[in-house]
file data_3.cif (mmCIF, C-alpha atoms)
data_data
#
loop_
_atom_site.label_atom_id
_atom_site.label_comp_id
_atom_site.auth_asym_id
_atom_site.auth_seq_id
_atom_site.Cartn_x
_atom_site.Cartn_y
_atom_site.Cartn_z
CA MET A 143 -32.20 -88.44 -14.87
CA ILE A 144 -28.98 -86.87 -15.98
CA ILE A 145 -30.73 -85.49 -19.10
CA ARG A 146 -33.55 -83.93 -17.00
CA GLU A 147 -31.05 -82.22 -14.66
CA ARG A 148 -29.20 -80.72 -17.58
CA ARG A 149 -32.46 -79.41 -19.05
CA ARG A 150 -33.34 -77.72 -15.72
CA GLU A 151 -29.91 -76.09 -15.48
CA GLY A 152 -30.25 -74.89 -19.08
CA LYS A 153 -33.58 -73.23 -18.34
CA LYS A 154 -32.12 -71.51 -15.23
CA GLU A 155 -29.24 -70.19 -17.27
CA ILE A 156 -31.62 -68.82 -19.90
CA ARG A 157 -33.74 -67.08 -17.21
CA LEU A 158 -30.58 -65.61 -15.58
CA LYS A 159 -29.34 -64.23 -18.90
CA ALA A 160 -32.75 -62.70 -19.56
CA SER A 161 -32.75 -61.07 -16.13
CA LEU A 162 -29.25 -59.64 -16.66
CA LYS A 163 -30.30 -58.22 -20.02
CA CYS A 164 -33.23 -56.45 -18.34
CA VAL A 165 -30.96 -55.02 -15.65
CA PHE A 166 -28.45 -53.81 -18.22
CA ALA A 167 -31.24 -52.26 -20.26
CA VAL A 168 -32.56 -50.35 -17.23
CA ILE A 169 -29.07 -49.15 -16.30
CA SER A 170 -28.41 -48.06 -19.89
CA ILE A 171 -31.65 -46.09 -20.01
CA PHE A 172 -30.80 -44.45 -16.67
CA LEU A 173 -27.31 -43.50 -17.86
CA ILE A 174 -28.68 -42.14 -21.11
CA VAL A 175 -31.15 -39.96 -19.21
CA LEU A 176 -28.49 -38.91 -16.73
CA PHE A 177 -25.97 -37.79 -19.32
CA ILE A 178 -28.12 -36.86 -22.27
CA ARG A 179 -30.46 -34.48 -20.40
CA PRO A 180 -27.68 -32.09 -19.33
CA VAL A 181 -26.25 -32.22 -22.85
CA LEU A 182 -29.65 -31.31 -24.23
CA SER A 183 -29.95 -28.49 -21.71
CA GLU A 184 -26.56 -27.14 -22.76
CA TYR A 185 -27.68 -27.41 -26.38
CA TYR A 186 -30.79 -25.34 -25.75
CA ALA A 187 -29.03 -22.79 -23.51
CA PRO A 188 -25.42 -22.26 -24.66
CA ILE A 189 -23.70 -19.77 -22.31
CA PRO A 190 -22.26 -17.39 -24.96
CA ALA A 191 -25.71 -16.80 -26.51
CA ILE A 192 -28.31 -17.09 -23.76
CA LYS A 193 -31.90 -16.71 -24.90
CA GLU A 194 -35.11 -16.97 -22.94
CA THR A 195 -36.60 -19.80 -25.02
CA GLY A 196 -33.45 -21.88 -24.75
CA LEU A 197 -33.21 -21.36 -20.99
CA LEU A 198 -36.87 -22.26 -20.48
CA GLN A 199 -36.35 -25.43 -22.47
CA ALA A 200 -33.23 -26.25 -20.43
CA CYS A 201 -35.21 -25.69 -17.19
CA ARG A 202 -37.87 -28.13 -18.40
CA ILE A 203 -35.34 -30.78 -19.39
CA THR A 204 -33.23 -30.54 -16.21
CA HIS A 205 -35.68 -28.91 -13.83
CA GLU A 206 -33.56 -29.91 -10.83
CA ASP A 207 -30.48 -27.97 -12.09
CA ALA A 208 -30.17 -24.62 -10.25
CA LYS A 209 -27.92 -23.12 -12.92
CA TYR A 210 -30.53 -22.55 -15.60
CA HIS A 211 -33.02 -20.96 -13.23
CA SER A 212 -30.29 -18.62 -12.05
CA LEU A 213 -29.26 -17.74 -15.63
CA LEU A 214 -32.87 -17.07 -16.49
CA GLY A 215 -33.03 -14.77 -13.47
CA TYR A 216 -29.97 -12.85 -14.71
CA LEU A 217 -31.60 -12.57 -18.14
CA TYR A 218 -34.84 -11.16 -16.71
CA TYR A 219 -32.99 -8.81 -14.34
CA SER A 220 -30.98 -7.38 -17.24
CA LEU A 221 -34.24 -6.03 -18.72
CA ARG A 222 -34.18 -3.37 -15.97
CA ASN A 223 -37.94 -3.05 -15.65
CA LYS A 224 -40.46 -3.95 -12.95
CA SER A 225 -41.81 -7.02 -14.71
CA GLY A 226 -38.34 -8.33 -15.47
CA THR A 227 -37.19 -7.82 -11.87
CA GLU A 228 -40.21 -9.69 -10.48
CA LYS A 229 -39.63 -12.60 -12.84
CA ALA A 230 -35.93 -12.54 -11.96
CA ILE A 231 -36.75 -12.87 -8.25
CA ASP A 232 -38.98 -15.89 -8.95
CA ARG A 233 -36.25 -17.62 -10.94
CA TYR A 234 -33.54 -16.82 -8.39
CA LEU A 235 -35.70 -18.34 -5.66
CA LEU A 236 -36.26 -21.48 -7.74
CA SER A 237 -32.51 -21.70 -8.21
CA LEU A 238 -31.87 -21.30 -4.48
CA GLN A 239 -34.40 -24.03 -3.68
CA ARG A 240 -32.19 -26.35 -5.68
CA ASN A 241 -28.85 -24.96 -4.45
CA PRO A 242 -29.20 -22.86 -1.28
CA THR A 243 -25.42 -22.57 -0.90
CA ASP A 244 -24.87 -20.48 -4.06
CA ALA A 245 -23.62 -17.12 -2.74
CA CYS A 246 -23.71 -15.51 -6.20
CA THR A 247 -27.42 -16.18 -6.57
CA TRP A 248 -28.10 -14.86 -3.06
CA VAL A 249 -26.32 -11.64 -4.08
CA ALA A 250 -28.32 -11.49 -7.31
CA VAL A 251 -31.68 -11.86 -5.56
CA ALA A 252 -30.57 -9.29 -2.96
CA ARG A 253 -30.00 -6.78 -5.77
CA ALA A 254 -33.37 -7.57 -7.30
CA TYR A 255 -35.17 -7.20 -3.97
CA ARG A 256 -33.35 -3.91 -3.38
CA ASP A 257 -34.38 -2.55 -6.77
CA SER A 258 -37.96 -3.54 -5.99
CA GLY A 259 -37.86 -1.60 -2.73
CA MET A 260 -38.07 -4.78 -0.64
CA TRP A 261 -35.19 -3.90 1.67
CA GLU A 262 -35.89 -6.45 4.40
CA HIS A 263 -35.84 -9.31 1.90
CA ALA A 264 -32.77 -7.80 0.24
CA GLU A 265 -30.87 -7.59 3.53
CA HIS A 266 -31.81 -11.16 4.42
CA ALA A 267 -30.54 -12.38 1.05
CA MET A 268 -27.28 -10.47 1.38
CA ARG A 269 -26.72 -11.89 4.85
CA LYS A 270 -27.20 -15.35 3.38
CA ALA A 271 -24.63 -14.59 0.69
CA VAL A 272 -22.08 -13.42 3.28
CA TYR A 273 -22.71 -16.50 5.40
CA MET A 274 -22.14 -18.79 2.41
CA ASN A 275 -18.87 -17.18 1.28
CA LYS A 276 -17.10 -15.20 4.00
CA ASN A 277 -13.72 -15.50 2.30
CA SER A 278 -14.57 -13.63 -0.89
CA PRO A 279 -13.07 -10.10 -1.00
CA SER A 280 -15.44 -9.02 -3.79
CA LEU A 281 -18.45 -10.21 -1.79
CA MET A 282 -17.23 -8.45 1.36
CA TRP A 283 -16.89 -5.22 -0.63
CA GLU A 284 -20.30 -5.50 -2.27
CA SER A 285 -22.09 -6.43 0.94
CA GLY A 286 -20.35 -3.58 2.76
CA VAL A 287 -21.49 -1.04 0.19
CA PHE A 288 -24.95 -2.64 0.12
CA PHE A 289 -25.42 -2.33 3.90
CA LEU A 290 -24.03 1.21 3.97
CA LEU A 291 -26.61 2.25 1.38
CA GLY A 292 -29.26 0.58 3.53
CA ASP A 293 -28.10 2.55 6.59
CA LYS A 294 -26.87 -0.62 8.30
CA ALA A 295 -23.51 0.68 9.51
CA ALA A 296 -22.78 -2.22 11.86
CA GLU A 297 -23.16 -4.90 9.19
CA ALA A 298 -21.34 -2.76 6.63
CA THR A 299 -18.48 -2.36 9.07
CA ARG A 300 -18.17 -6.10 9.65
CA SER A 301 -18.02 -6.79 5.93
CA LEU A 302 -15.59 -4.00 5.12
CA GLN A 303 -13.32 -4.77 8.06
CA SER A 304 -13.05 -8.30 6.67
CA TYR A 305 -12.36 -6.78 3.26
CA ILE A 306 -9.45 -4.60 4.41
CA ARG A 307 -7.97 -7.57 6.25
CA MET A 308 -8.08 -9.57 3.01
CA VAL A 309 -7.07 -6.68 0.73
CA PRO A 310 -5.01 -4.30 2.90
CA ASP A 311 -3.74 -2.38 -0.13
CA ASP A 312 -7.27 -1.12 -0.79
CA GLN A 313 -7.86 0.42 2.64
CA GLU A 314 -8.02 3.98 1.36
CA ASN A 315 -11.03 3.18 -0.83
CA VAL A 316 -12.89 1.84 2.21
CA TYR A 317 -12.03 4.92 4.28
CA SER A 318 -13.11 7.21 1.44
CA LEU A 319 -16.38 5.29 1.17
CA PHE A 320 -17.14 5.75 4.86
CA TYR A 321 -16.37 9.46 4.68
CA SER A 322 -18.52 9.89 1.58
CA MET A 323 -21.41 8.29 3.50
CA LYS A 324 -20.88 10.74 6.41
CA VAL A 325 -20.09 8.03 8.95
CA GLU A 326 -18.85 9.54 12.22
CA PRO A 327 -15.01 9.51 12.41
CA LEU A 328 -15.04 8.13 15.97
CA TYR A 329 -17.27 5.26 14.84
CA ILE A 330 -14.73 4.41 12.13
CA ILE A 331 -11.88 4.37 14.64
CA GLU A 332 -13.81 2.33 17.21
CA ASN A 333 -15.43 -0.21 14.89
CA LEU A 334 -13.84 -0.38 11.43
CA ILE A 335 -10.09 -0.20 12.05
CA PRO A 336 -8.60 -3.50 13.28
CA ARG A 337 -6.67 -3.18 16.55
CA ASP A 338 -3.34 -3.40 14.82
CA TYR A 339 -0.63 -0.77 14.38
CA ALA A 340 -0.30 -1.33 10.62
CA PHE A 341 -4.01 -0.53 10.11
CA TYR A 342 -3.93 2.44 12.48
CA LYS A 343 -0.95 3.84 10.61
CA ARG A 344 -2.56 3.38 7.20
CA TYR A 345 -5.74 5.13 8.37
CA PHE A 346 -3.64 7.84 10.02
CA ASN A 347 -1.80 8.47 6.74
CA PHE A 348 -5.16 8.67 4.96
CA LEU A 349 -6.32 11.34 7.42
CA THR A 350 -3.17 13.45 7.21
CA THR A 351 -3.07 13.21 3.42
CA ASN A 352 -6.62 14.56 3.36
CA LYS A 353 -5.80 17.30 5.93
CA LEU A 354 -8.18 15.91 8.57
CA LEU A 355 -6.49 17.19 11.72
CA ASN A 356 -9.25 16.60 14.27
CA GLU A 357 -9.73 12.99 13.22
CA SER A 358 -5.98 12.36 13.19
CA ARG A 359 -5.65 13.38 16.84
CA GLU A 360 -7.77 10.47 18.06
CA VAL A 361 -5.91 7.97 15.89
CA TRP A 362 -2.59 9.36 17.12
CA LYS A 363 -3.64 8.59 20.69
CA ARG A 364 -4.22 4.97 19.70
CA MET A 365 -0.95 4.81 17.78
CA ALA A 366 1.05 6.24 20.68
CA PHE A 367 0.43 2.99 22.57
CA PHE A 368 2.48 1.18 19.89
CA ASN A 369 5.42 3.65 20.06
CA PRO A 370 5.40 5.06 16.50
CA GLU A 371 8.67 5.03 14.62
CA ARG A 372 10.78 8.15 14.20
CA SER A 373 9.63 8.97 10.65
CA THR A 374 5.94 8.74 11.58
CA TYR A 375 6.44 10.95 14.63
CA LEU A 376 8.28 13.55 12.60
CA GLY A 377 5.76 13.35 9.76
CA TYR A 378 2.90 14.07 12.15
CA CYS A 379 4.77 17.04 13.59
CA ASN A 380 5.23 18.36 10.04
CA PHE A 381 1.53 17.90 9.36
CA VAL A 382 0.47 19.80 12.47
CA ILE A 383 2.90 22.60 11.62
CA GLU A 384 1.32 22.86 8.16
CA THR A 385 -2.13 23.26 9.75
CA GLY A 386 -0.86 26.24 11.74
CA GLU A 387 -1.43 24.67 15.19
CA MET A 388 1.95 25.72 16.54
CA THR A 389 1.30 25.07 20.23
CA GLU A 390 0.28 21.51 19.47
CA ALA A 391 3.23 21.14 17.10
CA ARG A 392 5.68 22.34 19.75
CA THR A 393 4.29 19.76 22.20
CA LEU A 394 4.77 17.05 19.59
CA TRP A 395 8.28 18.29 18.91
CA ASP A 396 9.17 18.19 22.61
CA ASP A 397 7.81 14.61 22.76
CA PHE A 398 9.82 13.69 19.67
CA VAL A 399 13.02 15.18 21.08
CA GLY A 400 12.55 13.43 24.41
CA ARG A 401 11.62 10.07 22.87
CA PHE A 402 14.44 9.91 20.32
CA GLY A 403 17.13 11.75 22.25
CA THR A 404 17.86 14.45 19.67
CA GLY A 405 18.22 17.27 22.20
CA VAL A 406 17.23 18.51 25.63
CA THR A 407 13.45 18.22 26.00
CA GLY A 408 11.60 21.19 27.43
CA LYS A 409 14.55 23.56 26.86
CA PRO A 410 13.32 26.96 25.59
CA PHE A 411 14.51 27.84 22.11
CA ILE A 412 13.73 30.24 19.29
CA ILE A 413 15.98 28.68 16.68
CA TRP A 414 16.63 24.95 17.04
CA ASN A 415 20.11 23.53 16.45
CA GLY A 416 21.55 26.88 15.35
CA ASP A 417 25.11 25.55 15.78
CA PHE A 418 24.35 22.39 13.76
CA GLU A 419 25.68 20.25 16.62
CA LEU A 420 22.68 17.89 16.60
CA PRO A 421 21.73 15.51 13.77
CA ILE A 422 19.55 17.40 11.28
CA GLU A 423 16.03 15.93 11.23
CA ASN A 424 14.88 17.54 7.97
CA GLY A 425 11.52 18.31 9.52
CA GLY A 426 9.66 19.53 12.58
CA PHE A 427 11.30 22.62 14.05
CA ASP A 428 14.77 21.53 12.93
CA TRP A 429 16.54 22.52 9.73
CA ARG A 430 15.32 21.21 6.38
CA VAL A 431 18.25 20.78 4.02
CA GLY A 432 17.70 21.67 0.36
CA LYS A 433 18.71 19.73 -2.73
CA ALA A 434 19.69 20.90 -6.22
CA ASP A 435 21.89 19.83 -9.10
CA GLY A 436 25.46 20.96 -8.64
CA VAL A 437 25.40 21.49 -4.87
CA LYS A 438 26.25 19.14 -2.03
CA VAL A 439 25.17 20.06 1.51
CA PHE A 440 26.69 18.25 4.50
CA ILE A 441 27.85 18.57 8.10
CA ASP A 442 31.55 19.50 8.39
CA LYS A 443 33.41 18.44 11.53
CA ASP A 444 36.72 20.01 10.50
CA ILE A 445 35.78 23.63 9.83
CA ARG A 446 33.45 25.43 12.28
CA ARG A 447 33.14 28.75 14.05
CA THR A 448 32.07 27.37 17.42
CA GLY A 449 31.43 23.94 18.86
CA TYR A 450 32.23 20.82 16.88
CA THR A 451 30.47 21.17 13.52
CA SER A 452 29.13 23.57 10.90
CA LEU A 453 26.84 23.27 7.89
CA SER A 454 28.82 23.20 4.66
CA ALA A 455 28.01 23.32 0.95
CA ASN A 456 30.09 22.69 -2.14
CA PHE A 457 29.13 24.10 -5.59
CA ASP A 458 30.61 22.17 -8.51
CA GLY A 459 30.86 25.06 -11.00
CA LYS A 460 28.71 23.28 -13.61
CA HIS A 461 25.24 24.44 -12.58
CA ASN A 462 23.23 27.53 -11.74
CA PRO A 463 21.05 26.43 -8.83
CA GLY A 464 18.46 28.42 -6.96
CA VAL A 465 18.49 26.63 -3.64
CA TYR A 466 17.97 26.99 0.09
CA LEU A 467 20.88 25.21 1.74
CA ALA A 468 18.83 25.04 4.93
CA GLU A 469 15.47 26.36 6.16
CA GLN A 470 13.76 26.36 9.53
CA ILE A 471 10.19 27.14 10.59
CA VAL A 472 10.03 29.35 13.67
CA PRO A 473 6.94 30.40 15.72
CA VAL A 474 6.97 34.13 16.55
CA GLU A 475 4.75 36.80 18.13
CA SER A 476 2.79 39.11 15.87
CA GLY A 477 4.08 42.69 16.06
CA GLN A 478 7.32 41.67 17.77
CA GLU A 479 10.67 42.91 16.45
CA TYR A 480 13.48 40.36 16.08
CA LYS A 481 17.06 40.11 14.90
CA VAL A 482 18.47 37.01 13.18
CA ILE A 483 22.23 36.62 13.26
CA GLY A 484 24.37 34.09 11.41
CA TYR A 485 27.96 33.62 10.26
CA VAL A 486 29.20 32.48 6.87
CA LYS A 487 32.65 31.49 5.68
CA THR A 488 33.24 31.29 1.95
CA GLU A 489 36.09 30.12 -0.23
CA ASN A 490 36.30 31.04 -3.92
CA VAL A 491 32.53 31.44 -4.37
CA THR A 492 31.98 32.66 -7.94
CA THR A 493 29.18 34.68 -9.64
CA LYS A 494 27.49 37.72 -8.20
CA ASN A 495 24.68 35.63 -6.73
CA GLY A 496 26.30 34.29 -3.58
CA ILE A 497 24.96 33.22 -0.18
CA PHE A 498 22.28 35.14 1.72
CA LEU A 499 20.35 34.92 4.98
CA GLU A 500 16.58 35.43 4.59
CA VAL A 501 13.44 35.76 6.69
CA THR A 502 9.98 35.26 5.15
CA GLY A 503 6.44 34.82 6.44
CA TYR A 504 5.06 31.30 6.68
CA ARG A 505 1.32 30.79 6.09
CA CYS A 506 0.69 34.51 6.40
CA GLY A 507 0.79 37.68 4.34
CA PRO A 508 3.95 37.98 2.25
CA PHE A 509 6.96 39.75 3.66
CA ILE A 510 10.66 39.15 3.04
CA LYS A 511 13.89 40.43 4.56
CA ARG A 512 17.24 39.37 3.11
CA THR A 513 20.93 40.20 3.55
CA ASP A 514 23.25 41.03 0.70
CA SER A 515 24.79 37.96 -0.87
CA VAL A 516 28.29 36.90 0.13
CA THR A 517 30.74 35.82 -2.60
CA GLY A 518 34.48 35.31 -3.01
CA THR A 519 36.55 34.32 0.03
CA ASN A 520 35.53 35.48 3.52
CA LEU A 521 36.40 34.41 7.06
CA TRP A 522 33.20 34.10 9.13
CA GLU A 523 31.40 37.17 7.94
CA ILE A 524 28.39 38.12 10.05
CA MET A 525 24.94 38.27 8.44
CA GLU A 526 22.10 40.11 10.22
CA VAL A 527 18.41 40.63 9.50
CA GLU A 528 16.13 42.84 11.61
CA PHE A 529 12.39 42.66 11.07
CA THR A 530 9.03 43.24 12.66
CA VAL A 531 6.51 40.43 12.43
CA PRO A 532 3.35 41.54 10.58
CA ASP A 533 0.12 41.57 12.56
CA ASN A 534 -1.34 38.65 10.59
CA CYS A 535 1.73 36.44 11.04
CA LYS A 536 2.61 33.94 13.78
CA VAL A 537 5.22 31.84 12.01
CA ILE A 538 8.26 32.70 9.92
CA LYS A 539 10.78 30.77 7.87
CA ILE A 540 14.51 31.41 8.16
CA GLY A 541 16.62 30.32 5.22
CA ILE A 542 20.21 30.33 4.02
CA GLY A 543 20.35 30.10 0.27
CA ARG A 544 21.50 31.15 -3.14
CA GLU A 545 19.31 32.73 -5.84
CA ARG A 546 19.51 31.51 -9.41
CA SER A 547 21.40 33.92 -11.67
CA GLU A 548 20.08 35.24 -14.98
CA LYS A 549 23.51 36.37 -16.19
CA LEU A 550 25.57 34.54 -18.80
CA ASP A 551 28.37 33.80 -16.34
CA ASN A 552 26.10 32.01 -13.87
CA LYS A 553 27.75 28.66 -13.06
CA ILE A 554 28.62 28.88 -9.37
CA SER A 555 31.58 27.12 -7.76
CA GLY A 556 33.22 27.29 -4.36
CA ASP A 557 32.68 26.23 -0.76
CA VAL A 558 30.50 27.65 2.00
CA TRP A 559 30.30 27.09 5.76
CA ILE A 560 27.46 28.34 7.97
CA ASP A 561 27.43 28.42 11.77
CA SER A 562 26.03 30.09 14.90
CA ILE A 563 22.54 30.99 13.70
CA SER A 564 20.46 32.70 16.39
CA MET A 565 17.42 34.94 16.77
CA ILE A 566 16.64 37.36 19.57
CA PRO A 567 13.71 39.68 20.28
CA ILE A 568 14.79 43.29 20.14
CA LYS A 569 12.00 44.76 22.27
CA SER A 570 8.69 43.63 23.68
#
call {"tool": "encode", "arguments": {"input": "data_3.cif", "output": "structure tokens"}}
result
Amino acid sequence: MIIRERRREGKKEIRLKASLKCVFAVISIFLIVLFIRPVLSEYYAPIPAIKETGLLQACRITHEDAKYHSLLGYLYYSLRNKSGTEKAIDRYLLSLQRNPTDACTWVAVARAYRDSGMWEHAEHAMRKAVYMNKNSPSLMWESGVFFLLGDKAAEATRSLQSYIRMVPDDQENVYSLFYSMKVEPLYIIENLIPRDYAFYKRYFNFLTTNKLLNESREVWKRMAFFNPERSTYLGYCNFVIETGEMTEARTLWDDFVGRFGTGVTGKPFIIWNGDFELPIENGGFDWRVGKADGVKVFIDKDIRRTGYTSLSANFDGKHNPGVYLAEQIVPVESGQEYKVIGYVKTENVTTKNGIFLEVTGYRCGPFIKRTDSVTGTNLWEIMEVEFTVPDNCKVIKIGIGRERSEKLDNKISGDVWIDSISMIPIKS
């Protein structure tokens, strides 16, 4: 009995071992197929040297792998002919059947459909691509351009708004793209620009840089809600002055003065800050102080003709600058006669080219009126210029400066103080 039992157990053990060998054999075959097939596919279709025959062989070996169908589509599309594009579309679709989440292949088939004139299919494919990868800046850019070319402004705007949020440093390229496609400026403001001051300001700077006054007005209204900083306010005033819209510029200047407390808002003036009592803004309708090697311009609280301060300049005697110590833009009436009066104090100013007071036309036909230059040492010498504004001129520039000398002894030294600059109409 004991012998029979042992024989039965031995037979069971033999059958179990045979079964395990079969299982191991099946698993081994499966693993070989699983790992060897992709290796064979890579062998037939190495990425650096893709060829059609190799890709076709790879597709046959691993027909379920989306990659090789997609690569074959790229290969056919690169032929740039009708037949190649049609074959590319077929392969892209096969790839997407196997991996419908591949945004790159959706973009590729969208391009192929577009080139075949199948715009509805192309737009559908591009929408799929955007849905699959909304966080890709490059995809947002490409889809934005794609939809703009297809006259789908709303979808282009969504993509490109996402793009400028992700890549804010590239905003100007987006704005240039919209302008090149003749998109209405108001549409850009309403739909493309995020409701954020930083984006409004960047778009505003784009508009002013490109001299787009009308468009900038609407953006300025939006920005005003955020209380623009001093430099932006002053910069916009400068821009409007440069366009020649003086009434609008004066309104901006009055707003600037009232907002930042630099003077009495609404107070009539011809020359602003002629006594140099207020901080110099270097823009708008205030003085713009010049810079040059060898000269230092500053406000002097110790020496002045009236009030509490004067404008002063020191020349170091080592340079020969041609410089305006200060200039101011002044709106005037065409045909009107005016007189500009100023006072200058000098101390040991060398060379024959000293300090002058000058009036010139601004954005109009050339005219110039200038006093004789003041040199040496003088105690508040008056400087006067009378002139009639030409018929084609509505703005002038008043300047106090020094002209560069062509003589051998041309290095200017000494100190200058300027005060009490005013302008009055002589007759109406």
call {"tool": "atom_distance", "arguments": {"input": "data_3.cif", "atom1": "atom CA of A:Asn462", "atom2": "atom CA of A:Ile554"}}
result
6.0 Å
call {"tool": "resolve_selection", "arguments": {"input": "data_3.cif", "expression": "the PyMOL selection byres ((chain A and resi 541) around 8)", "output": "short mmCIF file (atom, residue, chain, number, x, y, z; two decimals) with C-alpha atoms, in the coordinates of the input"}}
result
data_model
loop_
_atom_site.label_atom_id
_atom_site.label_comp_id
_atom_site.auth_asym_id
_atom_site.auth_seq_id
_atom_site.Cartn_x
_atom_site.Cartn_y
_atom_site.Cartn_z
CA TYR A 466 17.97 26.99 0.09
CA LEU A 467 20.88 25.21 1.74
CA ALA A 468 18.83 25.04 4.93
CA GLU A 469 15.47 26.36 6.16
CA GLN A 470 13.76 26.36 9.53
CA LEU A 499 20.35 34.92 4.98
CA GLU A 500 16.58 35.43 4.59
CA VAL A 501 13.44 35.76 6.69
CA LYS A 539 10.78 30.77 7.87
CA ILE A 540 14.51 31.41 8.16
CA ILE A 542 20.21 30.33 4.02
CA GLY A 543 20.35 30.10 0.27
#
call {"tool": "closest_residue", "arguments": {"input": "data_3.cif", "among": "A:Gly426, A:Ile335, A:Arg392, A:Arg401", "to": "A:Ala366", "atoms": "all atoms listed in the file"}}
result
A:Arg401
call {"tool": "resolve_selection", "arguments": {"input": "data_3.cif", "expression": "the PyMOL selection byres ((chain A and resi 511) around 10)", "output": "PyMOL selection string"}}
result
chain A and resi 499-503+509-510+512-513+526-530+540
call {"tool": "closest_atom_pairs", "arguments": {"input": "data_3.cif", "of": "stretch 305-393 of chain A", "to": "stretch 268-292 of chain A", "cutoff": "12 Å", "atoms": "all atoms listed in the file", "output": "Markdown table"}}
result
| residue | atom | partner | partner_atom | distance |
| --- | --- | --- | --- | --- |
| A:Tyr305 | CA | A:Pro279 | CA | 5.4 |
| A:Ile306 | CA | A:Pro279 | CA | 8.5 |
| A:Arg307 | CA | A:Pro279 | CA | 9.2 |
| A:Met308 | CA | A:Pro279 | CA | 6.4 |
| A:Val309 | CA | A:Pro279 | CA | 7.1 |
| A:Pro310 | CA | A:Pro279 | CA | 10.7 |
| A:Asp312 | CA | A:Trp283 | CA | 10.5 |
| A:Gln313 | CA | A:Trp283 | CA | 11.1 |
| A:Asn315 | CA | A:Trp283 | CA | 10.2 |
| A:Val316 | CA | A:Trp283 | CA | 8.6 |
| A:Tyr317 | CA | A:Val287 | CA | 11.9 |
| A:Ser318 | CA | A:Val287 | CA | 11.8 |
| A:Leu319 | CA | A:Val287 | CA | 8.2 |
| A:Phe320 | CA | A:Leu290 | CA | 8.3 |
| A:Tyr321 | CA | A:Leu290 | CA | 11.3 |
| A:Ser322 | CA | A:Leu290 | CA | 10.6 |
| A:Met323 | CA | A:Leu290 | CA | 7.6 |
| A:Lys324 | CA | A:Leu290 | CA | 10.3 |
| A:Val325 | CA | A:Leu290 | CA | 9.3 |
| A:Leu334 | CA | A:Gly286 | CA | 11.3 |
call {"tool": "atom_distance", "arguments": {"input": "data_3.cif", "atom1": "atom CA of A:Leu235", "atom2": "atom CA of A:Ala200"}}
result
16.9 Å
call {"tool": "resolve_selection", "arguments": {"input": "data_3.cif", "expression": "the PyMOL selection byres ((chain A and resi 197) around 7)", "output": "ChimeraX atom specification"}}
result
/A:186-187,193-196,198-201,210,214
call {"tool": "atom_distance", "arguments": {"input": "data_3.cif", "atom1": "atom CA of A:Ala208", "atom2": "atom CA of A:Leu236"}}
result
7.3 Å
call {"tool": "axis_aligned_box", "arguments": {"input": "data_3.cif", "around": "stretch 359-369 of chain A", "padding_each_side": "4 Å", "output": "lines of an AutoDock Vina configuration file"}}
result
center_x = -1.2
center_y = 7.3
center_z = 19.2
size_x = 21.2
size_y = 20.2
size_z = 14.7
call {"tool": "closest_residue", "arguments": {"input": "data_3.cif", "among": "A:Asp257, A:Glu332, A:Glu489, A:Asp207", "to": "A:Glu228", "atoms": "only C-alpha atoms"}}
result
A:Asp257
call {"tool": "closest_residue", "arguments": {"input": "data_3.cif", "among": "A:Gly377, A:Gly403, A:Pro370, A:Gly215", "to": "A:Pro421", "atoms": "all atoms listed in the file"}}
result
A:Gly403
call {"tool": "closest_residue", "arguments": {"input": "data_3.cif", "among": "A:Lys553, A:Arg372, A:Lys343, A:Arg446", "to": "A:Ser358", "atoms": "all atoms listed in the file"}}
result
A:Lys343
call {"tool": "residues_around", "arguments": {"input": "data_3.cif", "residues": "A:Glu545", "least_positions_apart": "2", "cutoff": "10 Å", "atoms": "only C-alpha atoms", "output": "compact mmCIF listing (two decimals) with C-alpha atoms, keeping the file's coordinate frame"}}
result
# COMPACT_ATOMS: atom_id res chain seq x y z
CA ASN A 462 23.23 27.53 -11.74
CA PRO A 463 21.05 26.43 -8.83
CA GLY A 464 18.46 28.42 -6.96
CA VAL A 465 18.49 26.63 -3.64
CA TYR A 466 17.97 26.99 0.09
CA LYS A 494 27.49 37.72 -8.20
CA ASN A 495 24.68 35.63 -6.73
CA GLY A 496 26.30 34.29 -3.58
CA ILE A 497 24.96 33.22 -0.18
CA PHE A 498 22.28 35.14 1.72
CA SER A 515 24.79 37.96 -0.87
CA GLY A 543 20.35 30.10 0.27
CA SER A 547 21.40 33.92 -11.67
CA GLU A 548 20.08 35.24 -14.98
call {"tool": "closest_residue", "arguments": {"input": "data_3.cif", "among": "A:Leu328, A:Leu453, A:Val251, A:Ala434", "to": "A:Ile422", "atoms": "all atoms listed in the file"}}
result
A:Leu453
